[in-house]
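Enquirer: Pasting in a structure now, in structure tokens, and then I'll have a few things to ask.
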Amino acid sequence: MDEQQLLDLAGDVGFALLKSGGEIYRVEESIRRIFLAYGQDSGDAFVIPSVIIVSFTTPQGRSYTKMLRVRGQTVDLERVERLNSLCRKICLHPMEPEAVRRELESIEGVSRYGYHWRMAAYAMVAFFFTLLFAGTAGDAVAAGLCGLATCIACEQMNRFHTNSFFVNTIASAIIAAMALGAVNLGLGSHYDRIIIGALMNLVPGVMITNFMRDIIAGDLLAGLIKLTESLLVATAIALGAGIILTAARLLWGIG
Amino acid sequence: MLTNFWLPCFYATLASTGFCIIFNIRRPKRIFFAALGGGLAWAVYLLAAPVGSDLFQYFAATIALSMYAEVMARIFKCPATEFLLVALIPLVPGGGIYHTMEYCIQGDTSAFLETGLHTLGIAASLAVGILLVSSAVRLYQTVKVMKRR
């Protein structure tokens, strides 16, 4: 394999891994190992949530560097797992670049659960978290409906590439409004428990836990970016629900 | 015992199952064990209640959960993250964020700050728990590899 192909390959594997929600250290290490497997000992990578830089210098002293911009991460654990095993395979037996390309393409084609499955999952999460936080059966049903609405709202807005701050604000406002409505109609009895349960769909749990791991592991820049992101998302969630609750209290005296 | 312990653990398991679908875990066996981790985390959280500090409860639950995830990762030969991310969700302080917001709009600044900092503290104890276990596992592996040479 020539140098340009190796550079592209390592970059693309890292890109796919980061895009599917792989951790920073996993992406950096995978790229480094791919370089090692093909005999470029000087190969290294610098990864933050939005950018990947891969680079190596050949024994003849020629440097190759590439930068990839990553936009819009999702969490897709099936892809992370397959990419991880692809990296392992490469490390054990360096394959032909065409074979790796083919594997990458098949990983790219890994299907996601359909819209209805995801709607059901959102509803399920909201339903059971409300029960977990001591809500009544009525609360849980109301939260399940909020979960459905959250899924529809998020998916529709993501189709138009709306920024995540706005998506979370709107989604959490919808949840709060529906929860207040459900309590007023007599479906549930604790609007706060309904809101908390339904909000668990939006809470940046992955980011909150990852940023401190990154910071302590030494990826300070990546950790700070994720900290900012998770604070922003948490603020957005609080803002959306806050606006609705304040409005309801001031205008109609409920809640 | 049933309503105070087993039912909440059951709810946590099913809520985690929802997240398996959102995070696109496709194999039924893994969905089952990842979700079971959520139930386990909540069980440890509840069992640690007599200590009297909820930060410790979260910490203990995360330690147990991370060990579970590492074991599962060895069994299924896949990244531990797959089990960790899903099963950690019940411990994420969604309630903390909500209550912080509520104190904020009520104008109760001291309660707002207190709850906000407490929520951050919960997040920190989750992170430290994960980190301790994963660092220990890495250390163990490195030592093992070096001894073999």
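Ordering of the structure tokens sets the chain letters (A, B, ...); residue numbers start at 1 within each chain; ligands are numbered from 1 in the order shown.
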Please identify every residue of chain B that has at least one atom no more than 9 Å from any atom of chain A, counting only C-alpha atoms, and report them as a PyMOL selection string.

Expert: chain B and resi 7-27+77-79+81-82+85-86+88-95+97-102+104-106+123-124+126-128+130-131

Enquirer: Using C-alpha atoms, can you write the selected residues to a file as a PDB file, in the first residue's frame?

Expert:
ATOM      1  CA  LEU B   7     -39.563  -3.007  40.978  1.00  0.00           C
ATOM      2  CA  PRO B   8     -37.234   0.010  40.629  1.00  0.00           C
ATOM      3  CA  CYS B   9     -34.466  -2.281  39.388  1.00  0.00           C
ATOM      4  CA  PHE B  10     -36.884  -3.728  36.865  1.00  0.00           C
ATOM      5  CA  TYR B  11     -37.864  -0.217  35.707  1.00  0.00           C
ATOM      6  CA  ALA B  12     -34.212   0.762  35.364  1.00  0.00           C
ATOM      7  CA  THR B  13     -33.580  -2.349  33.262  1.00  0.00           C
ATOM      8  CA  LEU B  14     -36.431  -1.577  30.884  1.00  0.00           C
ATOM      9  CA  ALA B  15     -35.488   2.098  30.620  1.00  0.00           C
ATOM     10  CA  SER B  16     -31.974   0.985  29.665  1.00  0.00           C
ATOM     11  CA  THR B  17     -33.472  -1.311  27.033  1.00  0.00           C
ATOM     12  CA  GLY B  18     -34.960   1.773  25.399  1.00  0.00           C
ATOM     13  CA  PHE B  19     -31.510   3.311  25.248  1.00  0.00           C
ATOM     14  CA  CYS B  20     -30.115   0.172  23.597  1.00  0.00           C
ATOM     15  CA  ILE B  21     -32.406   0.922  20.669  1.00  0.00           C
ATOM     16  CA  ILE B  22     -31.548   4.640  20.646  1.00  0.00           C
ATOM     17  CA  PHE B  23     -27.821   3.794  20.674  1.00  0.00           C
ATOM     18  CA  ASN B  24     -28.345   1.155  17.959  1.00  0.00           C
ATOM     19  CA  ILE B  25     -27.221  -2.047  19.636  1.00  0.00           C
ATOM     20  CA  ARG B  26     -28.508  -4.665  17.249  1.00  0.00           C
ATOM     21  CA  ARG B  27     -27.831  -8.057  18.766  1.00  0.00           C
ATOM     22  CA  LYS B  77     -15.205  -9.487  22.832  1.00  0.00           C
ATOM     23  CA  CYS B  78     -16.349  -5.930  22.219  1.00  0.00           C
ATOM     24  CA  PRO B  79     -15.643  -2.493  23.751  1.00  0.00           C
ATOM     25  CA  THR B  81     -18.315   1.227  26.387  1.00  0.00           C
ATOM     26  CA  GLU B  82     -21.147  -0.602  24.705  1.00  0.00           C
ATOM     27  CA  LEU B  85     -23.039   3.916  28.115  1.00  0.00           C
ATOM     28  CA  VAL B  86     -26.401   2.167  28.168  1.00  0.00           C
ATOM     29  CA  LEU B  88     -25.081   4.308  33.115  1.00  0.00           C
ATOM     30  CA  ILE B  89     -28.135   6.210  31.912  1.00  0.00           C
ATOM     31  CA  PRO B  90     -30.311   5.502  35.005  1.00  0.00           C
ATOM     32  CA  LEU B  91     -27.609   7.135  37.149  1.00  0.00           C
ATOM     33  CA  VAL B  92     -27.363  10.313  35.093  1.00  0.00           C
ATOM     34  CA  PRO B  93     -28.712  13.207  37.204  1.00  0.00           C
ATOM     35  CA  GLY B  94     -31.701  14.231  35.091  1.00  0.00           C
ATOM     36  CA  GLY B  95     -33.624  15.097  38.230  1.00  0.00           C
ATOM     37  CA  ILE B  97     -30.845  19.322  36.196  1.00  0.00           C
ATOM     38  CA  TYR B  98     -34.595  19.735  36.530  1.00  0.00           C
ATOM     39  CA  HIS B  99     -34.523  20.807  40.173  1.00  0.00           C
ATOM     40  CA  THR B 100     -31.648  23.209  39.488  1.00  0.00           C
ATOM     41  CA  MET B 101     -33.765  24.814  36.791  1.00  0.00           C
ATOM     42  CA  GLU B 102     -36.780  24.955  39.054  1.00  0.00           C
ATOM     43  CA  CYS B 104     -33.528  29.109  39.250  1.00  0.00           C
ATOM     44  CA  ILE B 105     -36.948  30.179  37.976  1.00  0.00           C
ATOM     45  CA  GLN B 106     -38.258  30.453  41.528  1.00  0.00           C
ATOM     46  CA  ALA B 123     -21.521  13.718  37.425  1.00  0.00           C
ATOM     47  CA  ALA B 124     -18.033  13.797  38.914  1.00  0.00           C
ATOM     48  CA  LEU B 126     -19.847   8.836  37.979  1.00  0.00           C
ATOM     49  CA  ALA B 127     -16.762   9.838  36.031  1.00  0.00           C
ATOM     50  CA  VAL B 128     -14.343   8.976  38.828  1.00  0.00           C
ATOM     51  CA  ILE B 130     -15.642   4.698  35.612  1.00  0.00           C
ATOM     52  CA  LEU B 131     -12.118   6.027  35.492  1.00  0.00           C
TER      53      LEU B 131
END

Enquirer: Write out as number ranges by chain all residues of stretch 34-209 of chain A that backbone DSSP assigns to strand (DSSP E or B).

Expert: A: 44-48, 51-57, 63-69

Enquirer: Would you write out those residues with C-alpha atoms, as a short mmCIF file (atom, residue, chain, number, x, y, z; two decimals), in the first residue's frame?

Expert:
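Result file again_11.cif:
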data_model
loop_
_atom_site.label_atom_id
_atom_site.label_comp_id
_atom_site.auth_asym_id
_atom_site.auth_seq_id
_atom_site.Cartn_x
_atom_site.Cartn_y
_atom_site.Cartn_z
CA ASP A 44 0.22 9.70 15.04
CA ALA A 45 -3.15 11.37 15.36
CA PHE A 46 -4.66 14.35 17.11
CA VAL A 47 -8.37 14.09 17.74
CA ILE A 48 -10.91 16.45 19.26
CA VAL A 51 -11.45 17.49 14.01
CA ILE A 52 -9.12 14.60 13.23
CA ILE A 53 -5.52 15.25 12.16
CA VAL A 54 -3.51 12.23 11.02
CA SER A 55 0.14 12.44 10.10
CA PHE A 56 3.24 10.35 9.60
CA THR A 57 6.75 10.71 8.24
CA SER A 63 5.70 13.85 5.71
CA TYR A 64 2.08 13.09 5.00
CA THR A 65 -0.68 14.89 6.86
CA LYS A 66 -4.42 15.05 6.50
CA MET A 67 -7.14 16.89 8.37
CA LEU A 68 -10.75 15.72 8.56
CA ARG A 69 -13.57 17.87 9.85
#

Enquirer: Using DSSP assignments from the backbone, pull out every residue in chain B that falls under alpha helix (DSSP H) and give it to me as a PyMOL selection string.

Expert: chain B and resi 7-22+28-47+54-76+81-88+94-106+109-148

Enquirer: For a test of reading the model, state the distance in Å between atom CA of B:Asn4 and atom CA of B:Phe56, rounded to one decimal.

Expert: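 Result for atom CA of B:Asn4 versus atom CA of B:Phe56: 19.4 Å, one decimal.
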
Enquirer: List the spatial neighbours of B:Ala41 as a list in words - criterion: any atom at most 8 Å away, only C-alpha atoms, same-chain residues fewer than 4 positions off excluded.

Expert: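 After dropping sequence-adjacent residues, the list is Gly37, Tyr45, Ala61, Thr62, Ala64, Leu65, Ala87, Leu88, Pro90 and Leu91 of chain B.
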
Enquirer: Write to file, as a tab-separated table (two decimals), in the first residue's frame, the residues of the selection just made, with C-alpha atoms.

Expert:
chain	number	residue	atom	x	y	z
B	37	GLY	CA	-26.39	-3.59	33.68
B	45	TYR	CA	-27.40	2.33	44.20
B	61	ALA	CA	-23.10	1.93	41.59
B	62	THR	CA	-20.67	3.17	38.94
B	64	ALA	CA	-20.02	-2.10	40.20
B	65	LEU	CA	-21.33	-1.21	36.77
B	87	ALA	CA	-26.31	0.98	31.76
B	88	LEU	CA	-25.08	4.31	33.12
B	90	PRO	CA	-30.31	5.50	35.01
B	91	LEU	CA	-27.61	7.14	37.15

Enquirer: Would you mind reading off the distance between atom CA of B:Ala73 and atom CA of A:Glu103, one decimal, in Å?

Expert: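 Pair atom CA of B:Ala73 / atom CA of A:Glu103 returns 22.4 Å.
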
Enquirer: Do you have the atom CA of B:Leu55-atom CA of A:Thr169 distance handy?

Expert: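 Computing it gives 28.4 Å between the two atoms.
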